[in-house]
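I have placed the structure first, in the form of structure tokens, so that the comments after it can refer back to it.
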Amino acid sequence: MHYDPRINDHHLKHDPFTALVVPRPIGWVTTISPSGVVNLAPYSFFNAVASRPPYVMFSSAGPKHSQRHAEQSGEFVTSLTTWELREEMSATSADVGPEVSEPEVAGLEMAPSIAVKPPRVKKSPVALECKYWKTIELPAVGAGAIAYAIVIGEVVGIYIDDAVIVEGRIDLSGARPIARLGYLDQYAVVDTIFKMRRPG
Ligand SMILES: Cc1cc2nc3c(=O)[nH]c(=O)nc-3n(C[C@H](O)[C@H](O)[C@H](O)COP(=O)(O)O)c2cc1C
């Protein structure tokens, strides 16, 4: 089949688009509200987009707390989501008011970051401490369109649990990172790693 996403003539029961770019890493974004509340939410429109210097981005479907706080405070932190933390990750996606601290709701222990104020998820083996750089607003044209905004940050500090450093390399096979698949309730776990040589 072939369809035009501007009119969504796919004739499928569910919009297939997010099932077509998989797996998507999940950035578990911590920010601090103007009144000092720690905010935590998962974003699967998330990725590293540069490495020297490192930059990451997450995309907000409309202006949500994470975007607003990152813009207002100039900082955010992303923690790696793992199999062990899957239920807590999901719990922190609840649509709650800005006065509610999701880590408390999910019973999650946080740990201080070094380079920025928002804390990291303590049990997560990796956290990226970011200085907000810029927001890029995407055009929201067409019926049912949502005003997405891409929030970009420079990674200025990186936490790595020493336990995942094996012979000078990062080994996350034990931590089993989780990723988002197509539909609201579908995830994948990274537990099989294979090697392949690059030509040249
Ligand atoms: C695995 C997962 C991935 C998500 N990815 C996104 C995303 O990329 N963009 C988005 O706007 N919402 C995403 N959400 C929904 C947000 O987590 C949810 O709207 C949350 O309440 C936003 O919190 P905030 O307002 O504190 O930022 C995702 C939810 C889950 C469970």
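Each chain in the structure tokens gets a letter, A, B, ..., in the order shown, and its residues are numbered from 1; ligands are numbered from 1 in order too.
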With a distance cut-off of 12 Å and only C-alpha atoms, select the neighbouring residues of Ile178 in chain A, excluding the residue or stretch itself and same-chain residues fewer than 6 positions from it, and output the selection as a list of chain:residue names.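 Using only C-alpha atoms, the neighbours found are A:Val22, A:Pro23, A:Arg24, A:Pro25, A:Ile26, A:Gly27, A:Trp28, A:Pro42, A:Ser44, A:Ser79, A:Leu80, A:Thr81, A:Thr82, A:Trp83, A:Glu84, A:Leu85, A:Arg86, A:Glu87, A:Met89, A:Ser90, A:Ser124, A:Leu172, A:Gln186, A:Tyr187, A:Ala188, A:Val189, A:Val190, A:Asp191.
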Tell me, counting only C-alpha atoms and all ligand atoms, for each residue of chain A within 7 Å of ligand 1, which pair of atoms is nearest and how far apart they are in Å to one decimal, in rows ordered by chain and increasing number, as CSV.
```
residue,atom,partner,partner_atom_place_in_ligand_line,distance
A:Ile26,CA,ligand 1,1 (C),6.2
A:Asn39,CA,ligand 1,26 (O),5.6
A:Leu40,CA,ligand 1,26 (O),5.8
A:Ala41,CA,ligand 1,17 (O),4.6
A:Pro42,CA,ligand 1,17 (O),4.4
A:Tyr43,CA,ligand 1,5 (N),3.3
A:Ser44,CA,ligand 1,5 (N),3.9
A:Phe45,CA,ligand 1,8 (O),3.6
A:Phe46,CA,ligand 1,8 (O),6.2
A:Phe58,CA,ligand 1,8 (O),6.4
A:Ser59,CA,ligand 1,9 (N),5.2
A:Ser60,CA,ligand 1,11 (O),3.6
A:Ala61,CA,ligand 1,11 (O),3.7
A:Gly62,CA,ligand 1,11 (O),6.5
A:Lys64,CA,ligand 1,25 (O),4.0
A:His65,CA,ligand 1,25 (O),3.7
A:Ser66,CA,ligand 1,27 (O),3.7
A:Gln67,CA,ligand 1,27 (O),6.4
A:Met89,CA,ligand 1,31 (C),6.9
A:Ser90,CA,ligand 1,31 (C),4.8
A:Thr92,CA,ligand 1,17 (O),6.9
A:Ser93,CA,ligand 1,17 (O),3.9
A:Ala94,CA,ligand 1,21 (O),4.8
A:Asp95,CA,ligand 1,21 (O),4.0
A:Val96,CA,ligand 1,21 (O),6.5
A:Arg180,CA,ligand 1,1 (C),5.7
```
Please write the residues from the selection above to a file, keeping N, CA and C atoms, as a compact mmCIF listing (two decimals), in the first residue's frame.
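Output (again_14.txt):
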```
# COMPACT_ATOMS: atom_id res chain seq x y z
N ILE A 26 13.53 6.28 24.42
CA ILE A 26 12.66 7.09 25.29
C ILE A 26 13.54 7.99 26.15
N ASN A 39 9.66 17.87 37.77
CA ASN A 39 8.75 17.31 36.76
C ASN A 39 9.48 16.22 35.99
N LEU A 40 8.80 15.09 35.77
CA LEU A 40 9.44 13.99 35.05
C LEU A 40 8.43 13.38 34.08
N ALA A 41 8.82 13.21 32.82
CA ALA A 41 7.90 12.63 31.83
C ALA A 41 8.69 11.96 30.70
N PRO A 42 8.15 10.85 30.16
CA PRO A 42 8.83 10.17 29.05
C PRO A 42 8.49 10.80 27.70
N TYR A 43 9.48 10.88 26.83
CA TYR A 43 9.30 11.39 25.47
C TYR A 43 9.98 10.43 24.50
N SER A 44 9.19 9.85 23.57
CA SER A 44 9.80 8.93 22.61
C SER A 44 10.07 9.58 21.26
N PHE A 45 9.58 10.80 21.07
CA PHE A 45 10.13 11.60 19.99
C PHE A 45 11.36 12.23 20.61
N PHE A 46 12.40 11.42 20.73
CA PHE A 46 13.61 11.79 21.46
C PHE A 46 14.80 11.14 20.77
N PHE A 58 13.93 16.52 22.21
CA PHE A 58 12.66 15.82 22.38
C PHE A 58 11.58 16.69 21.76
N SER A 59 10.50 16.04 21.33
CA SER A 59 9.46 16.78 20.63
C SER A 59 8.16 16.71 21.43
N SER A 60 7.62 17.88 21.70
CA SER A 60 6.43 17.99 22.54
C SER A 60 5.19 18.19 21.67
N ALA A 61 4.20 17.34 21.89
CA ALA A 61 2.94 17.44 21.13
C ALA A 61 2.07 18.51 21.79
N GLY A 62 2.32 19.75 21.44
CA GLY A 62 1.70 20.87 22.14
C GLY A 62 2.61 21.25 23.29
N LYS A 64 3.80 21.24 26.57
CA LYS A 64 3.62 20.51 27.83
C LYS A 64 4.60 21.06 28.87
N HIS A 65 4.52 20.53 30.08
CA HIS A 65 5.36 21.08 31.16
C HIS A 65 6.85 20.97 30.85
N SER A 66 7.28 19.82 30.32
CA SER A 66 8.72 19.63 30.10
C SER A 66 9.27 20.71 29.17
N GLN A 67 8.55 20.97 28.09
CA GLN A 67 8.99 22.01 27.16
C GLN A 67 9.02 23.38 27.85
N MET A 89 8.29 4.43 34.56
CA MET A 89 8.34 5.29 33.37
C MET A 89 6.91 5.58 32.91
N SER A 90 6.11 4.52 32.82
CA SER A 90 4.73 4.68 32.35
C SER A 90 3.94 5.56 33.32
N THR A 92 4.89 7.95 35.10
CA THR A 92 5.24 9.38 35.02
C THR A 92 4.70 10.05 33.76
N SER A 93 4.00 9.28 32.91
CA SER A 93 3.40 9.91 31.73
C SER A 93 1.98 10.41 32.04
N ALA A 94 1.53 10.22 33.28
CA ALA A 94 0.17 10.67 33.63
C ALA A 94 0.06 12.18 33.45
N ASP A 95 -1.10 12.59 32.98
CA ASP A 95 -1.36 14.01 32.73
C ASP A 95 -1.79 14.66 34.04
N VAL A 96 -0.84 15.21 34.75
CA VAL A 96 -1.13 15.81 36.06
C VAL A 96 -0.77 17.29 36.04
N ARG A 180 10.26 2.59 22.47
CA ARG A 180 8.85 2.65 22.07
C ARG A 180 8.65 2.03 20.70
```
Do you know which residues are at most 12 Å from Leu12 in chain A counting only C-alpha atoms, after dropping those on the same chain fewer than 3 positions away, and could you put them as a VMD selection string? chain A and resid 1 to 3 8 to 9 15 to 17
Range 19-112 of chain A: which residues are helix (DSSP H, G or I) by DSSP, as an NGL selection string? :A and (19 or 65-73 or 83-91 or 102-105)
Restricting it to N, CA and C atoms, dump the selection as a PDB file, in the first residue's frame.
```pdb
ATOM      1  N   ALA A  19       4.271   3.510  13.978  1.00  0.00           N
ATOM      2  CA  ALA A  19       4.727   2.117  13.927  1.00  0.00           C
ATOM      3  C   ALA A  19       5.784   1.925  12.842  1.00  0.00           C
ATOM      4  N   HIS A  65       4.521  20.534  30.080  1.00  0.00           N
ATOM      5  CA  HIS A  65       5.356  21.076  31.164  1.00  0.00           C
ATOM      6  C   HIS A  65       6.853  20.971  30.853  1.00  0.00           C
ATOM      7  N   SER A  66       7.282  19.820  30.323  1.00  0.00           N
ATOM      8  CA  SER A  66       8.721  19.627  30.097  1.00  0.00           C
ATOM      9  C   SER A  66       9.267  20.712  29.171  1.00  0.00           C
ATOM     10  N   GLN A  67       8.546  20.972  28.094  1.00  0.00           N
ATOM     11  CA  GLN A  67       8.987  22.015  27.161  1.00  0.00           C
ATOM     12  C   GLN A  67       9.025  23.376  27.851  1.00  0.00           C
ATOM     13  N   ARG A  68       7.920  23.710  28.521  1.00  0.00           N
ATOM     14  CA  ARG A  68       7.839  25.030  29.163  1.00  0.00           C
ATOM     15  C   ARG A  68       8.952  25.212  30.183  1.00  0.00           C
ATOM     16  N   HIS A  69       9.137  24.195  31.035  1.00  0.00           N
ATOM     17  CA  HIS A  69      10.146  24.325  32.091  1.00  0.00           C
ATOM     18  C   HIS A  69      11.554  24.399  31.514  1.00  0.00           C
ATOM     19  N   ALA A  70      11.802  23.605  30.467  1.00  0.00           N
ATOM     20  CA  ALA A  70      13.143  23.634  29.848  1.00  0.00           C
ATOM     21  C   ALA A  70      13.420  25.035  29.304  1.00  0.00           C
ATOM     22  N   GLU A  71      12.396  25.617  28.682  1.00  0.00           N
ATOM     23  CA  GLU A  71      12.566  26.967  28.118  1.00  0.00           C
ATOM     24  C   GLU A  71      12.729  28.004  29.232  1.00  0.00           C
ATOM     25  N   GLN A  72      11.916  27.858  30.297  1.00  0.00           N
ATOM     26  CA  GLN A  72      11.951  28.864  31.370  1.00  0.00           C
ATOM     27  C   GLN A  72      13.227  28.774  32.196  1.00  0.00           C
ATOM     28  N   SER A  73      13.645  27.537  32.513  1.00  0.00           N
ATOM     29  CA  SER A  73      14.796  27.381  33.419  1.00  0.00           C
ATOM     30  C   SER A  73      16.108  27.248  32.659  1.00  0.00           C
ATOM     31  N   TRP A  83      14.228  -1.800  31.449  1.00  0.00           N
ATOM     32  CA  TRP A  83      13.189  -2.796  31.733  1.00  0.00           C
ATOM     33  C   TRP A  83      12.743  -2.711  33.196  1.00  0.00           C
ATOM     34  N   GLU A  84      13.714  -2.603  34.093  1.00  0.00           N
ATOM     35  CA  GLU A  84      13.413  -2.560  35.528  1.00  0.00           C
ATOM     36  C   GLU A  84      12.528  -1.353  35.881  1.00  0.00           C
ATOM     37  N   LEU A  85      12.685  -0.270  35.123  1.00  0.00           N
ATOM     38  CA  LEU A  85      11.979   0.977  35.455  1.00  0.00           C
ATOM     39  C   LEU A  85      10.732   1.198  34.600  1.00  0.00           C
ATOM     40  N   ARG A  86      10.308   0.153  33.870  1.00  0.00           N
ATOM     41  CA  ARG A  86       9.242   0.358  32.871  1.00  0.00           C
ATOM     42  C   ARG A  86       7.933   0.862  33.495  1.00  0.00           C
ATOM     43  N   GLU A  87       7.540   0.284  34.636  1.00  0.00           N
ATOM     44  CA  GLU A  87       6.249   0.676  35.231  1.00  0.00           C
ATOM     45  C   GLU A  87       6.312   2.130  35.712  1.00  0.00           C
ATOM     46  N   GLU A  88       7.427   2.479  36.324  1.00  0.00           N
ATOM     47  CA  GLU A  88       7.588   3.850  36.821  1.00  0.00           C
ATOM     48  C   GLU A  88       7.607   4.827  35.647  1.00  0.00           C
ATOM     49  N   MET A  89       8.291   4.429  34.555  1.00  0.00           N
ATOM     50  CA  MET A  89       8.337   5.295  33.372  1.00  0.00           C
ATOM     51  C   MET A  89       6.913   5.584  32.914  1.00  0.00           C
ATOM     52  N   SER A  90       6.105   4.519  32.818  1.00  0.00           N
ATOM     53  CA  SER A  90       4.734   4.677  32.345  1.00  0.00           C
ATOM     54  C   SER A  90       3.942   5.556  33.317  1.00  0.00           C
ATOM     55  N   ALA A  91       4.126   5.332  34.609  1.00  0.00           N
ATOM     56  CA  ALA A  91       3.380   6.117  35.613  1.00  0.00           C
ATOM     57  C   ALA A  91       3.670   7.612  35.490  1.00  0.00           C
ATOM     58  N   GLU A 102       5.924  14.127  39.500  1.00  0.00           N
ATOM     59  CA  GLU A 102       5.739  12.751  39.025  1.00  0.00           C
ATOM     60  C   GLU A 102       6.650  11.737  39.737  1.00  0.00           C
ATOM     61  N   PRO A 103       7.918  12.073  40.047  1.00  0.00           N
ATOM     62  CA  PRO A 103       8.732  11.086  40.754  1.00  0.00           C
ATOM     63  C   PRO A 103       8.092  10.649  42.076  1.00  0.00           C
ATOM     64  N   GLU A 104       7.437  11.589  42.766  1.00  0.00           N
ATOM     65  CA  GLU A 104       6.774  11.231  44.028  1.00  0.00           C
ATOM     66  C   GLU A 104       5.602  10.311  43.757  1.00  0.00           C
ATOM     67  N   VAL A 105       4.813  10.636  42.737  1.00  0.00           N
ATOM     68  CA  VAL A 105       3.648   9.815  42.387  1.00  0.00           C
ATOM     69  C   VAL A 105       4.094   8.391  42.037  1.00  0.00           C
TER      70      VAL A 105
END
```
Could you check which of A:Ala111, A:Lys134, A:Ile193, A:Ala163 is closest to Ile150 in chain A, using only C-alpha atoms?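 The shortest atom-to-atom distance to Ile150 in chain A comes from A:Lys134.
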Closest of A:Val29, A:Val37, A:Val166, A:Pro63 to Glu137 in chain A - atom-to-atom distances counting only C-alpha atoms: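 Using only C-alpha atoms, the shortest distance to Glu137 in chain A belongs to A:Pro63.
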Write down as an mmCIF file with N, CA and C atoms, in the first residue's frame the residues of range 8-198 of chain A whose backbone DSSP state falls under strand (DSSP E).
```cif
data_model
loop_
_atom_site.group_PDB
_atom_site.id
_atom_site.type_symbol
_atom_site.label_atom_id
_atom_site.label_comp_id
_atom_site.auth_asym_id
_atom_site.auth_seq_id
_atom_site.Cartn_x
_atom_site.Cartn_y
_atom_site.Cartn_z
ATOM 1 N N ARG A 24 11.901 3.571 18.959
ATOM 2 C CA ARG A 24 12.309 4.931 19.311
ATOM 3 C C ARG A 24 12.814 4.959 20.751
ATOM 4 N N PRO A 25 14.008 5.510 20.940
ATOM 5 C CA PRO A 25 14.491 5.615 22.323
ATOM 6 C C PRO A 25 13.555 6.508 23.134
ATOM 7 N N GLY A 27 13.370 9.288 25.984
ATOM 8 C CA GLY A 27 14.068 10.227 26.865
ATOM 9 C C GLY A 27 13.162 10.495 28.053
ATOM 10 N N TRP A 28 13.670 10.212 29.231
ATOM 11 C CA TRP A 28 12.859 10.416 30.442
ATOM 12 C C TRP A 28 13.288 11.766 30.990
ATOM 13 N N VAL A 29 12.473 12.772 30.702
ATOM 14 C CA VAL A 29 12.908 14.165 30.840
ATOM 15 C C VAL A 29 12.563 14.738 32.220
ATOM 16 N N THR A 30 13.586 15.182 32.928
ATOM 17 C CA THR A 30 13.367 15.897 34.193
ATOM 18 C C THR A 30 13.553 17.382 33.963
ATOM 19 N N THR A 31 12.620 18.167 34.516
ATOM 20 C CA THR A 31 12.761 19.629 34.510
ATOM 21 C C THR A 31 12.318 20.134 35.879
ATOM 22 N N ILE A 32 12.564 21.411 36.112
ATOM 23 C CA ILE A 32 12.096 22.016 37.366
ATOM 24 C C ILE A 32 11.180 23.186 37.020
ATOM 25 N N VAL A 38 9.777 19.263 40.910
ATOM 26 C CA VAL A 38 10.508 18.391 39.982
ATOM 27 C C VAL A 38 9.506 17.679 39.080
ATOM 28 N N ASN A 39 9.658 17.871 37.768
ATOM 29 C CA ASN A 39 8.749 17.309 36.759
ATOM 30 C C ASN A 39 9.482 16.216 35.985
ATOM 31 N N LEU A 40 8.802 15.092 35.773
ATOM 32 C CA LEU A 40 9.436 13.988 35.049
ATOM 33 C C LEU A 40 8.429 13.379 34.080
ATOM 34 N N ALA A 41 8.820 13.206 32.817
ATOM 35 C CA ALA A 41 7.896 12.625 31.825
ATOM 36 C C ALA A 41 8.692 11.962 30.704
ATOM 37 N N PRO A 42 8.148 10.846 30.158
ATOM 38 C CA PRO A 42 8.834 10.174 29.047
ATOM 39 C C PRO A 42 8.487 10.803 27.698
ATOM 40 N N TYR A 43 9.479 10.875 26.830
ATOM 41 C CA TYR A 43 9.301 11.385 25.472
ATOM 42 C C TYR A 43 9.978 10.425 24.499
ATOM 43 N N PHE A 46 12.395 11.421 20.733
ATOM 44 C CA PHE A 46 13.612 11.790 21.461
ATOM 45 C C PHE A 46 14.800 11.136 20.766
ATOM 46 N N ASN A 47 15.878 11.858 20.696
ATOM 47 C CA ASN A 47 17.091 11.221 20.186
ATOM 48 C C ASN A 47 18.313 12.103 20.423
ATOM 49 N N ALA A 48 19.491 11.470 20.301
ATOM 50 C CA ALA A 48 20.739 12.219 20.208
ATOM 51 C C ALA A 48 20.847 12.665 18.759
ATOM 52 N N VAL A 49 21.215 13.921 18.545
ATOM 53 C CA VAL A 49 21.280 14.410 17.167
ATOM 54 C C VAL A 49 22.668 14.905 16.788
ATOM 55 N N ALA A 50 23.594 14.914 17.726
ATOM 56 C CA ALA A 50 24.982 15.290 17.441
ATOM 57 C C ALA A 50 25.841 14.764 18.582
ATOM 58 N N SER A 51 27.128 14.527 18.278
ATOM 59 C CA SER A 51 27.980 13.990 19.345
ATOM 60 C C SER A 51 29.176 14.869 19.710
ATOM 61 N N PRO A 54 27.849 17.006 22.094
ATOM 62 C CA PRO A 54 26.594 16.252 22.057
ATOM 63 C C PRO A 54 25.343 17.122 22.242
ATOM 64 N N TYR A 55 24.352 16.864 21.406
ATOM 65 C CA TYR A 55 23.043 17.513 21.512
ATOM 66 C C TYR A 55 21.958 16.445 21.489
ATOM 67 N N VAL A 56 20.884 16.691 22.236
ATOM 68 C CA VAL A 56 19.719 15.805 22.171
ATOM 69 C C VAL A 56 18.476 16.651 21.913
ATOM 70 N N MET A 57 17.415 15.983 21.490
ATOM 71 C CA MET A 57 16.161 16.707 21.303
ATOM 72 C C MET A 57 14.989 15.854 21.769
ATOM 73 N N PHE A 58 13.929 16.520 22.212
ATOM 74 C CA PHE A 58 12.660 15.820 22.380
ATOM 75 C C PHE A 58 11.576 16.692 21.764
ATOM 76 N N SER A 59 10.500 16.042 21.335
ATOM 77 C CA SER A 59 9.458 16.778 20.634
ATOM 78 C C SER A 59 8.160 16.710 21.429
ATOM 79 N N SER A 60 7.616 17.876 21.700
ATOM 80 C CA SER A 60 6.430 17.986 22.539
ATOM 81 C C SER A 60 5.191 18.192 21.667
ATOM 82 N N ALA A 61 4.196 17.342 21.887
ATOM 83 C CA ALA A 61 2.940 17.445 21.131
ATOM 84 C C ALA A 61 2.074 18.512 21.787
ATOM 85 N N GLU A 75 17.252 24.445 31.443
ATOM 86 C CA GLU A 75 17.918 23.166 31.735
ATOM 87 C C GLU A 75 16.933 21.999 31.676
ATOM 88 N N PHE A 76 17.443 20.831 31.294
ATOM 89 C CA PHE A 76 16.701 19.577 31.453
ATOM 90 C C PHE A 76 17.676 18.425 31.517
ATOM 91 N N VAL A 77 17.181 17.305 32.032
ATOM 92 C CA VAL A 77 18.007 16.087 32.146
ATOM 93 C C VAL A 77 17.222 14.946 31.539
ATOM 94 N N THR A 78 17.890 14.060 30.795
ATOM 95 C CA THR A 78 17.195 12.865 30.320
ATOM 96 C C THR A 78 17.850 11.634 30.948
ATOM 97 N N SER A 79 17.017 10.749 31.484
ATOM 98 C CA SER A 79 17.516 9.487 32.043
ATOM 99 C C SER A 79 17.133 8.359 31.097
ATOM 100 N N LEU A 80 17.988 7.348 31.036
ATOM 101 C CA LEU A 80 17.727 6.188 30.172
ATOM 102 C C LEU A 80 16.652 5.312 30.811
ATOM 103 N N MET A 110 15.157 10.085 43.172
ATOM 104 C CA MET A 110 15.944 10.896 42.247
ATOM 105 C C MET A 110 17.312 11.140 42.875
ATOM 106 N N ALA A 111 18.278 11.489 42.057
ATOM 107 C CA ALA A 111 19.620 11.792 42.555
ATOM 108 C C ALA A 111 20.049 13.122 41.943
ATOM 109 N N ARG A 120 18.396 13.467 38.259
ATOM 110 C CA ARG A 120 18.243 12.299 37.382
ATOM 111 C C ARG A 120 17.487 11.214 38.150
ATOM 112 N N VAL A 121 17.004 10.224 37.392
ATOM 113 C CA VAL A 121 16.372 9.060 38.030
ATOM 114 C C VAL A 121 17.500 8.195 38.594
ATOM 115 N N VAL A 126 22.150 5.747 33.105
ATOM 116 C CA VAL A 126 22.718 6.834 32.289
ATOM 117 C C VAL A 126 21.816 8.065 32.375
ATOM 118 N N ALA A 127 22.422 9.227 32.540
ATOM 119 C CA ALA A 127 21.644 10.472 32.486
ATOM 120 C C ALA A 127 22.439 11.535 31.748
ATOM 121 N N LEU A 128 21.712 12.304 30.937
ATOM 122 C CA LEU A 128 22.327 13.379 30.149
ATOM 123 C C LEU A 128 21.851 14.710 30.722
ATOM 124 N N GLU A 129 22.789 15.505 31.193
ATOM 125 C CA GLU A 129 22.460 16.795 31.805
ATOM 126 C C GLU A 129 22.567 17.860 30.712
ATOM 127 N N CYS A 130 21.461 18.562 30.451
ATOM 128 C CA CYS A 130 21.399 19.425 29.261
ATOM 129 C C CYS A 130 21.131 20.879 29.590
ATOM 130 N N LYS A 131 21.784 21.729 28.806
ATOM 131 C CA LYS A 131 21.452 23.155 28.782
ATOM 132 C C LYS A 131 20.553 23.366 27.575
ATOM 133 N N TYR A 132 19.381 23.938 27.810
ATOM 134 C CA TYR A 132 18.434 24.216 26.730
ATOM 135 C C TYR A 132 19.094 25.121 25.686
ATOM 136 N N TRP A 133 18.913 24.776 24.408
ATOM 137 C CA TRP A 133 19.478 25.618 23.346
ATOM 138 C C TRP A 133 18.394 26.364 22.596
ATOM 139 N N LYS A 134 17.444 25.621 22.053
ATOM 140 C CA LYS A 134 16.483 26.251 21.148
ATOM 141 C C LYS A 134 15.240 25.368 20.989
ATOM 142 N N THR A 135 14.126 26.013 20.680
ATOM 143 C CA THR A 135 12.905 25.282 20.335
ATOM 144 C C THR A 135 12.585 25.544 18.871
ATOM 145 N N ILE A 136 12.290 24.495 18.156
ATOM 146 C CA ILE A 136 11.870 24.659 16.762
ATOM 147 C C ILE A 136 10.414 24.224 16.657
ATOM 148 N N GLU A 137 9.565 25.153 16.293
ATOM 149 C CA GLU A 137 8.145 24.825 16.172
ATOM 150 C C GLU A 137 7.856 24.302 14.777
ATOM 151 N N TYR A 148 3.553 20.627 17.181
ATOM 152 C CA TYR A 148 4.717 20.008 17.826
ATOM 153 C C TYR A 148 5.856 21.014 17.930
ATOM 154 N N ALA A 149 6.639 20.886 18.976
ATOM 155 C CA ALA A 149 7.812 21.748 19.142
ATOM 156 C C ALA A 149 9.001 20.867 19.506
ATOM 157 N N ILE A 150 10.081 21.033 18.788
ATOM 158 C CA ILE A 150 11.292 20.253 19.057
ATOM 159 C C ILE A 150 12.176 21.060 19.997
ATOM 160 N N VAL A 151 12.432 20.487 21.151
ATOM 161 C CA VAL A 151 13.241 21.151 22.173
ATOM 162 C C VAL A 151 14.650 20.568 22.103
ATOM 163 N N ILE A 152 15.632 21.423 21.863
ATOM 164 C CA ILE A 152 17.005 20.943 21.671
ATOM 165 C C ILE A 152 17.879 21.425 22.825
ATOM 166 N N GLY A 153 18.707 20.511 23.312
ATOM 167 C CA GLY A 153 19.606 20.889 24.398
ATOM 168 C C GLY A 153 21.013 20.369 24.161
ATOM 169 N N GLU A 154 21.983 21.129 24.652
ATOM 170 C CA GLU A 154 23.374 20.656 24.602
ATOM 171 C C GLU A 154 23.654 19.850 25.869
ATOM 172 N N VAL A 155 24.241 18.693 25.684
ATOM 173 C CA VAL A 155 24.569 17.847 26.830
ATOM 174 C C VAL A 155 25.862 18.385 27.452
ATOM 175 N N VAL A 156 25.756 18.841 28.699
ATOM 176 C CA VAL A 156 26.935 19.459 29.340
ATOM 177 C C VAL A 156 27.475 18.619 30.498
ATOM 178 N N GLY A 157 26.787 17.533 30.805
ATOM 179 C CA GLY A 157 27.268 16.630 31.844
ATOM 180 C C GLY A 157 26.648 15.264 31.611
ATOM 181 N N ILE A 158 27.421 14.215 31.842
ATOM 182 C CA ILE A 158 26.907 12.864 31.579
ATOM 183 C C ILE A 158 27.193 11.969 32.777
ATOM 184 N N TYR A 159 26.116 11.364 33.288
ATOM 185 C CA TYR A 159 26.279 10.393 34.383
ATOM 186 C C TYR A 159 26.247 8.988 33.804
ATOM 187 N N ILE A 160 27.209 8.167 34.190
ATOM 188 C CA ILE A 160 27.202 6.749 33.804
ATOM 189 C C ILE A 160 27.455 5.926 35.062
ATOM 190 N N ILE A 165 30.154 0.094 32.843
ATOM 191 C CA ILE A 165 31.404 0.302 32.105
ATOM 192 C C ILE A 165 32.223 -0.983 32.218
ATOM 193 N N VAL A 166 32.378 -1.657 31.086
ATOM 194 C CA VAL A 166 33.071 -2.949 31.064
ATOM 195 C C VAL A 166 34.225 -2.860 30.066
ATOM 196 N N ARG A 169 34.220 0.084 27.720
ATOM 197 C CA ARG A 169 33.052 0.310 26.859
ATOM 198 C C ARG A 169 31.786 0.290 27.697
ATOM 199 N N ILE A 170 30.750 0.919 27.134
ATOM 200 C CA ILE A 170 29.453 0.882 27.809
ATOM 201 C C ILE A 170 28.759 -0.421 27.431
ATOM 202 N N ILE A 178 14.712 0.136 27.325
ATOM 203 C CA ILE A 178 13.445 -0.090 26.620
ATOM 204 C C ILE A 178 13.212 1.043 25.619
ATOM 205 N N ALA A 179 12.459 0.717 24.580
ATOM 206 C CA ALA A 179 12.194 1.666 23.505
ATOM 207 C C ALA A 179 10.718 1.575 23.143
ATOM 208 N N ARG A 180 10.263 2.593 22.468
ATOM 209 C CA ARG A 180 8.849 2.645 22.074
ATOM 210 C C ARG A 180 8.654 2.028 20.698
ATOM 211 N N TYR A 187 6.144 -1.767 23.367
ATOM 212 C CA TYR A 187 7.529 -1.416 23.666
ATOM 213 C C TYR A 187 8.444 -2.548 23.219
ATOM 214 N N ALA A 188 9.729 -2.227 23.132
ATOM 215 C CA ALA A 188 10.733 -3.254 22.855
ATOM 216 C C ALA A 188 11.807 -3.156 23.926
ATOM 217 N N VAL A 189 12.505 -4.261 24.131
ATOM 218 C CA VAL A 189 13.614 -4.230 25.075
ATOM 219 C C VAL A 189 14.886 -4.604 24.326
#
```
